[in-house]
Amino acid sequence: MPMEKNFDAAAAEARISALWQEKKVGAAGANAKVGPKGEKPQAFSIMIPPPNVTGSLHMGHAFNNTLQDILIRWHRMRGHDTLWQVGTDHAGIATQMVVERELAKAGAPSRREMGREAFLAKVWEWKDQSGGTIINQLKRLGASCDWDREAFTMSGNFPDAVIKVFVDMYNKGLIYRGKRLVNWDPHFETAISDLEVENVEVAGHMWHFKYRLAGGETYEYVERDEDGLVTLRETRDYISIATTRPETMLGDGAVAVNPSDARYAPIVGKMVHLPLCDRLIPIIADEYPDPNFGSGAVKITGAHDFNDYQVAKRHGLPLYRLMDTRGAMRSDGAAYDVAVARAREIAAGAEASEAEVDALNLVPEKYRGMDRFAARAAVVADINALGLAVTVLVKEIDEDTGSEHLRLEPVVEAKKIMQPFGDRSKVVIEPMLTDQWFVDTAKIVGPALEAVRSGATKIMPESGEKTYFHWLENIEPWCISRQLWWGHQIPVWYGPSATKGEDGVTSFNMSERIAICAATEAEALERFATLYGTKPTVIASPPTDRDLAKAYESNLTAKTLIAAFAADTAGLGAGAGILVYRDPDVLDTWFSSGLWPIGTLGWPDQTPELRKYFPTSTLITGADIIFFWVARMMMMQLAVVDQVPFNTVYLHGLVRDAKGKKMSKSLGNVIDPLEIIDEFGADALRFANAAMASLGGTLKLDTARIAGYRNFGTKLWNACRFAEMNGVWEGHSTQTAPPAATATANKWIIGETAKTLLEVNSALEGYRFDQAADSLYKFVWGRVCDWYVEFAKPLLVGEHAGETRATMAWVLDNSMILLHPIMPFITEDLWGQTGAREKLLVHTDWPDLSLSLVDSAADTEMAWVIGLIEEIRSARTQMHVPVGLKLDIVATEMDAAAKAAFARNEVLIKRLARIETLTHGAAPKGSISLAVDGASFALPLDGVIDVAEDKARLSKAMDKLAKEIGGLKGRLHNPNFVASAPEDVVEEVKSNLEAREEEAAKLTAALKRLSEIG
RNA sequence: GGGCGGUUAGCUCAGCGGUAGAGCACUACGUUGACAUCGUAGUGGCCACUGGUUCGAUCCCAGUACCGCCCACCA
C-alpha cells in the first residue's frame, strides 16, 4: 500500500502510543543488552519529578519530560538497562485546596464540618477520579516511562518509608519540635516554610506613634547634624516609633534603640506607656535599630515579626501572640484585665512557662475578633484620637474665604514595603508563634554540600551549583509540620507526663506532655504502657483548649485527669484510662518528595531495583525547585542511605512565551501543550523543546517554531515516501552495516550519516539537546533531502541503482533511528511502513558507526559538485533564465581533478543545474562566466543575457572576494601574525588567499569579456 | 542590599580567539514525478558601549549602560 502524502499525527500517535503500552516498551530493563563478554548492561535511570496528582500537563512539564524521554530512549536504544520511574505527588496544600474548592462548588459540607476522616475519604475519591489525568497526558507526549511502576507519595511502600525516615531522624536528633516564629498562612491555617513565602513589593504606609514615658517623665531630645552641630533641641515626654503594622503594637514587649544613639541614651532602661493598653514596656538598647532610619527607635513585637523575635529572645522579652489561626485578633482566653494583671506579674519577674505566656490574650476587648487589617485601621484611628500620632503642620486654604490656616495632621508616609504572601493562598503571611516540627538542617547539610563540591553529583549548568552552595551554606531550620489533613501524619503520640512519687503513686501532668515517636500506633502504645504502667487509650483528636485549661488550672492527678478527659472526649466513658493522641499535623509535602528516589525504588527493602538503579543517573528539573526539592533530596538521601540520589542534575528555566513573558492565565498567553499536540503533533512540540534546550538559556516557546518542526517531520516523511515508492527497502531488512558504495554521492552521504551520529552522541552526552536537534535537522533536511535525494534520482536508474537503493535505505533507517529519541511517533510510524522490521524502532539498536566511514575524497568532490550547481543556479536566477530552460555549458578552463569530478557526477550536475550538454572551448559571445575551484565555465546566453545585470552580478562577487582577499593579505603582511600564529593557521590563510585570488582572476577575465561585448 | 545571567539579522535564539550562523519573517521566481507543511535564488548584522590583553577579540579581562531572574529582616 503506498504511503500517505502526509503524516497523520493524531491517528498515528494514538495507534503507536497504544502499541508501545501494550508491548510495555518502557518497562525497566527493556532492550537491555549484555556485553560481548557477558558484562551486565550499564544501568541508566531517571526519576520523574512527580507532578501534583491533581495537576494537568503544562508547558513546563512538556519541556521537562521531553528531555527526560530523549535521554531514556537514547540509552534504551543503546542497550542500557533503563528505568524511567514515573509517579505523582500528593501535593498537600495544593490538593487539599482543590478538593475544598470542589466541595464548596458542589455545596457539600466544608472540611471542618465533615471532619478529618470523611474529608480524607473525599480526597482519595478525588485522587482516584482525576489523579490519572496528568499520567495520560504524559503518554500523549510520548513519554516512555515504566507505567507499571507508577508510584504515588501516599501509596504502596511510600508512607512506610516516610514514617521510617521521620522516626530515624527523630531518634538521631535531626528532627525536633519547638515553639518558633514561623510563617503562618491565615487562609490555609497552617505553617509554611520560608520557601513557600513570596515576598512582593506593595504600596504600604508607615505610621509614627508616640509612646509616653511612664510617670510623666521628660528628657532633653537633641538632634545633631554630621558635624555634631545641634539642629533640634526640645523637651520630650515621649519616644517616637515608626511602624508599618500598627496592629501589632498591642503585643509590644519593648522599644529598642541603638546603644550608640545619643538621642535616647538618657532614657534607656526607663518605661513607656503602651498606648491603648494597660501596660508599661521598657526602652532597651540593642544593635538592631539603625539610628539613621526613622526615629531610630523600634517597637519590639516578638511574636509577630522575625527581627523583633530575635531582639525579644536576646532580651528575654515575653512573646505575646495577638492573632488566631485565621489572622484575626484573638478572642480566646481570659478577659483583658485578667490577662494584663498576669502580664504585669510576669513583667515583674513572675515565673511563667512558654505555654502560659502564649495563652495570655493581651488584645483589648474592643479589638478582639477583628480581622488584622480592620484592627490596623482601628488602632490608627484610636492613636490619632489620643493625640499620640506624630504630626506635621499642614497649610490649609479655606475654599470659601480663601483664608489660610495651619493644621496638625498625623504623619502617614506612603512607602513601598516587601510583603510576604503565601505562594498558594496569595494571602499575607503572618509571622506566628506556634509549636512546629523542624528538621535540623544544619546537621545534615554537610554531605549535601560535599557531594557537589567533590563532583559526586554534578549540577548543570554550573551557575546552578553556585545557587545551591549559597542556599545550603546559609540554610535555616526546615519547618516540616503543616496544620493540614492531607498528607503523611506525623508519627508522634502525646500523653501526659508521668512522675512516680515516693509513695509509689504515679501522678500525671497534662500541661507537660511527653512525646513518643514511633513507626506505628501499636509501638507507641506499648511504650506508653511501659511508662505509665497501664495501657493508655488513643483518642482521635488532641484534647481541646478547655481540657488543657483545666489541666493547667488544677494540678491534676491521674484520677482527675482521667475523669476530665473521659467526660469531654469522644464519648469515652469514665475509666477509659489515660488518654493519648497522635499529633494531628502532617508533614510538608517536600519531606516525602524529598525521599522520591529511594522511596519509589522500594526502600527500606533492599529491592533489586534499588540496587540496580540507585543512585539514579540524571535528574532533569526546573531550576525553580532547586531548594524545594533538589537540595532536600540531596540532604535526605545522604542522611538516610548515605548515598547521593543522582549523578547529574540538569536544571532548566521556566518555559516562557515567544516574547519571553511568563505564561499566566491573567496575561492570556498560556500555551497549552495538549492544544499544540493536537495542532502540530507531539513530535513537533518535542523537537521544539529539544531545540530550545541550550544550557542556561531562557526558554521562549514560539508556535511558529513548532510549526517549522512539524514541517521538518513532513519533510522526513516525504523523503521516506519517495524512497518507498522507489522500492528502496525491497528485498532486505534493516541493515546494520553501511552498504559498500562506489558512487561518490553514496559514499558521501554514508560519511555524513556517521558524522551526524557522532555529533548526536556527543551532544546528548553533554546534555546539549539543542545541538542534537540542530545536527539532525541540518543532516536530514540540508543534506539528505536537499541533496542526497536529488542525487539519488538519476542514480536510481543507472548502473549504481542497486547500491543507491541500499544506501538510501540505510541512510533513512539511520535517520529514523537517530531522530527517534526526539520524534518518536513519526519515526516509529515510518519504521513500520518501510522495510521488513524485526522489532519496533523504540527497541532497535542505536548505531555504532565510526569516522572511518567518512571518505574525504568523496567529501571534497561532493562539496565541489554542490558548489558548482549552486553557482550555476545562482547565475541563472540572476540572469532571469526560466527554470524550465535547459542551458548548455562551456568549460573554458578545467584541470584534471575538475574534469574527473565533473565526469563522475555529470548526470547529477546536469540534472540539478539544468544543463543540456557540456562542451570545452572558448567562451562564446554573449555568455556569462563562473569560476569554481579548478575550473571556469561559460553559460552561453546570447540574446538572454542582460549585460548590465551580469556586470552587476560579477562586480558584486568581486567586491566580496576583494574584501576577503584584503583581509587575508592584511594578516599575511603582518609579520607578527606570521611569526606568532600557529603554522597550520598561516598555511590555511595562504591557501585560502591563493584560491580566492585564482577565483578573482577568473572573474576579472569574465568582466573584461563582458566589457568587450557591452 | 547581596548573588546569578543576558545584550549577535525585523523576531526567537545558537556560536565563542582565526573570513558572522539557524529557524521564522521578508523579496523574486517556480505545480521540475517525495514534499506548496514545498523548491530555487536573494534581502538583512559597527556581534550594546568604552578601554585592556593578543599577531588577531563577537568570543578573554576590566568598566559603563540597559534588561531579566533568584535571595534578603530596614522598623
# chains A, B, ... in the order shown; residues from 1 in each chain; ligands from 1

call {"tool": "closest_atom_pairs", "arguments": {"of": "chain A", "to": "chain B", "cutoff": "8 Å", "atoms": "only C-alpha atoms (C1' of nucleotides)", "output": "tab-separated table"}}
result
residue	atom	partner	partner_atom	distance
A:Ala242	CA	B:A75	C1'	6.2
A:Thr243	CA	B:A75	C1'	5.7
A:Thr244	CA	B:A75	C1'	7.4
A:Pro289	CA	B:A75	C1'	7.7
A:Asp290	CA	B:C74	C1'	7.5
A:Phe293	CA	B:C74	C1'	7.4
A:Gly294	CA	B:A75	C1'	7.9
A:Val298	CA	B:A75	C1'	5.6
A:Lys299	CA	B:A75	C1'	7.4
A:Phe306	CA	B:C73	C1'	6.7
A:Asn307	CA	B:C73	C1'	5.5
A:Ser463	CA	B:C4	C1'	6.9
A:Thr467	CA	B:C4	C1'	7.7
A:Ala658	CA	B:U12	C1'	6.9
A:Met692	CA	B:C13	C1'	7.9
A:Lys700	CA	B:U12	C1'	7.1
A:Asp702	CA	B:U12	C1'	7.3
A:Ala704	CA	B:C24	C1'	6.4
A:Arg705	CA	B:C24	C1'	6.4
A:Ala707	CA	B:U37	C1'	7.8
A:Gly708	CA	B:G23	C1'	7.4
A:Arg710	CA	B:U37	C1'	6.9
A:Asn711	CA	B:U37	C1'	4.6
A:Thr714	CA	B:U37	C1'	6.3
A:Lys715	CA	B:C35	C1'	5.9
A:Asn718	CA	B:A34	C1'	4.7
A:Ala719	CA	B:A34	C1'	5.2
A:Cys720	CA	B:A34	C1'	7.4
A:Arg721	CA	B:A34	C1'	5.8
A:Phe722	CA	B:A34	C1'	4.1
A:Ala723	CA	B:A34	C1'	7.7
A:Arg873	CA	B:A41	C1'	7.4
A:Ser874	CA	B:A41	C1'	5.9
A:Thr877	CA	B:A41	C1'	5.9
A:Gln878	CA	B:A41	C1'	7.6
A:Val883	CA	B:G30	C1'	7.3
A:Gly884	CA	B:U32	C1'	7.1
A:Glu964	CA	B:U19	C1'	6.2
A:Gly967	CA	B:U19	C1'	7.5
A:Leu968	CA	B:U19	C1'	7.8
A:Asn974	CA	B:C55	C1'	7.0
A:Pro975	CA	B:C55	C1'	7.4
A:Asn976	CA	B:C55	C1'	4.2
A:Phe977	CA	B:C55	C1'	3.7
A:Val978	CA	B:C55	C1'	7.2
A:Ala979	CA	B:C55	C1'	7.4
A:Ser980	CA	B:C55	C1'	5.8
A:Ala981	CA	B:C55	C1'	6.6
A:Val985	CA	B:G18	C1'	7.2

call {"tool": "residues_around", "arguments": {"residues": "region 630-638 of chain A", "least_positions_apart": "6", "cutoff": "8 Å", "atoms": "only C-alpha atoms (C1' of nucleotides)", "output": "list of chain:residue names"}}
result
A:Ile444, A:Val445, A:Pro447, A:Ala448, A:Tyr468, A:Leu472, A:Trp590, A:Phe591, A:Ser593, A:Gly594, A:Leu595, A:Trp596, A:Pro597, A:Ile598, A:Val644, A:Pro645

call {"tool": "closest_residue", "arguments": {"among": "A:Gly142, A:Gly422, A:Gly369, A:Pro924", "to": "Leu941 (chain A)", "atoms": "only C-alpha atoms"}}
result
A:Pro924

call {"tool": "residues_around", "arguments": {"residues": "region 112-117 of chain A", "least_positions_apart": "5", "cutoff": "10 Å", "atoms": "only C-alpha atoms (C1' of nucleotides)", "output": "tab-separated table (two decimals) with N, CA and C atoms, in the first residue's frame"}}
result
chain	number	residue	atom	x	y	z
A	122	LYS	N	-12.85	11.87	50.91
A	122	LYS	CA	-13.19	12.67	49.72
A	122	LYS	C	-11.94	12.94	48.87
A	123	VAL	N	-10.83	13.22	49.53
A	123	VAL	CA	-9.60	13.50	48.78
A	123	VAL	C	-9.18	12.26	47.99
A	484	LEU	N	-2.44	20.68	58.19
A	484	LEU	CA	-3.35	20.25	57.14
A	484	LEU	C	-3.81	18.83	57.47
A	485	TRP	N	-4.69	18.34	56.66
A	485	TRP	CA	-5.14	16.97	56.88
A	485	TRP	C	-4.61	16.01	55.83
A	486	TRP	N	-4.40	16.54	54.62
A	486	TRP	CA	-3.98	15.67	53.52
A	486	TRP	C	-2.47	15.58	53.52
A	540	ALA	N	-8.88	10.29	69.04
A	540	ALA	CA	-8.63	10.71	67.67
A	540	ALA	C	-8.05	12.13	67.59
A	541	SER	N	-8.59	13.01	68.42
A	541	SER	CA	-8.12	14.39	68.34
A	541	SER	C	-7.42	14.77	69.61
A	584	PRO	N	-1.78	15.81	65.29
A	584	PRO	CA	-2.70	15.91	64.15
A	584	PRO	C	-2.03	16.47	62.89

call {"tool": "residues_around", "arguments": {"residues": "G44 (chain B)", "least_positions_apart": "3", "cutoff": "10 Å", "atoms": "only C-alpha atoms (C1' of nucleotides)", "output": "list in words"}}
result
A9, G10 and C26 of chain B

call {"tool": "write_last_selection", "arguments": {"atoms": "all heavy atoms", "output": "CSV table (one decimal), in the first residue's frame"}}
result
chain,number,residue,atom,x,y,z
B,9,A,P,20.8,40.9,16.1
B,9,A,OP1,20.1,42.2,16.3
B,9,A,OP2,20.4,39.7,16.6
B,9,A,O5',21.0,40.8,14.5
B,9,A,C5',21.1,41.9,13.6
B,9,A,C4',20.3,41.6,12.4
B,9,A,O4',20.9,40.4,11.8
B,9,A,C3',18.8,41.3,12.6
B,9,A,O3',18.0,42.2,11.9
B,9,A,C2',18.6,39.9,12.1
B,9,A,O2',17.5,39.9,11.2
B,9,A,C1',19.8,39.6,11.3
B,9,A,N9,20.2,38.2,11.3
B,9,A,C8,19.9,37.2,12.1
B,9,A,N7,20.4,36.0,11.8
B,9,A,C5,21.1,36.3,10.7
B,9,A,C6,21.9,35.5,9.8
B,9,A,N6,22.0,34.2,10.0
B,9,A,N1,22.5,36.1,8.8
B,9,A,C2,22.3,37.4,8.6
B,9,A,N3,21.6,38.3,9.3
B,9,A,C4,21.0,37.6,10.3
B,10,G,P,17.8,43.7,12.0
B,10,G,OP1,18.1,44.3,10.7
B,10,G,OP2,18.3,44.2,13.3
B,10,G,O5',16.2,43.6,12.1
B,10,G,C5',15.4,44.7,12.6
B,10,G,C4',14.0,44.3,12.8
B,10,G,O4',13.6,43.7,11.5
B,10,G,C3',13.8,43.1,13.8
B,10,G,O3',13.5,43.6,15.1
B,10,G,C2',12.6,42.4,13.2
B,10,G,O2',11.4,43.0,13.6
B,10,G,C1',12.9,42.5,11.7
B,10,G,N9,13.7,41.4,11.1
B,10,G,C8,14.9,41.5,10.5
B,10,G,N7,15.3,40.4,10.1
B,10,G,C5,14.4,39.5,10.5
B,10,G,C6,14.4,38.1,10.3
B,10,G,O6,15.2,37.3,9.8
B,10,G,N1,13.3,37.5,10.9
B,10,G,C2,12.3,38.2,11.5
B,10,G,N2,11.3,37.5,12.1
B,10,G,N3,12.3,39.5,11.7
B,10,G,C4,13.4,40.1,11.1
B,26,C,P,6.1,36.7,5.5
B,26,C,OP1,4.7,37.3,5.3
B,26,C,OP2,6.4,35.4,5.0
B,26,C,O5',7.2,37.7,5.0
B,26,C,C5',7.2,39.1,5.3
B,26,C,C4',8.3,39.8,4.7
B,26,C,O4',9.6,39.3,5.2
B,26,C,C3',8.5,39.6,3.2
B,26,C,O3',7.6,40.5,2.5
B,26,C,C2',9.9,40.0,3.0
B,26,C,O2',10.2,41.3,3.0
B,26,C,C1',10.6,39.3,4.3
B,26,C,N1,11.1,38.0,4.0
B,26,C,C2,12.3,37.8,3.4
B,26,C,O2,12.9,38.8,3.0
B,26,C,N3,12.8,36.6,3.2
B,26,C,C4,12.1,35.5,3.6
B,26,C,N4,12.6,34.3,3.3
B,26,C,C5,10.8,35.6,4.2
B,26,C,C6,10.4,36.9,4.4

call {"tool": "select_by_dssp", "arguments": {"residues": "region 196-429 of chain A", "states": "strand (DSSP E or B)", "output": "PyMOL selection string"}}
result
chain A and resi 197-213+219-224+230-236+238-243+254-257+271-274+279-285+297-300+323+328-329+371+389+391-397+404-410+412-422+428

call {"tool": "select_by_dssp", "arguments": {"residues": "region 200-398 of chain A", "states": "alpha helix (DSSP H)", "output": "PyMOL selection string"}}
result
chain A and resi 306-315+336-347+354-359+372-386

call {"tool": "residues_around", "arguments": {"residues": "region 606-620 of chain A", "least_positions_apart": "3", "cutoff": "9 Å", "atoms": "only C-alpha atoms (C1' of nucleotides)", "output": "PyMOL selection string"}}
result
chain A and resi 28+43-49+64-65+67-68+81-83+597-598+600-603+630+643-652

call {"tool": "residues_around", "arguments": {"residues": "Ile915 (chain A)", "least_positions_apart": "6", "cutoff": "6 Å", "atoms": "only C-alpha atoms (C1' of nucleotides)", "output": "PyMOL selection string"}}
result
chain A and resi 886-888
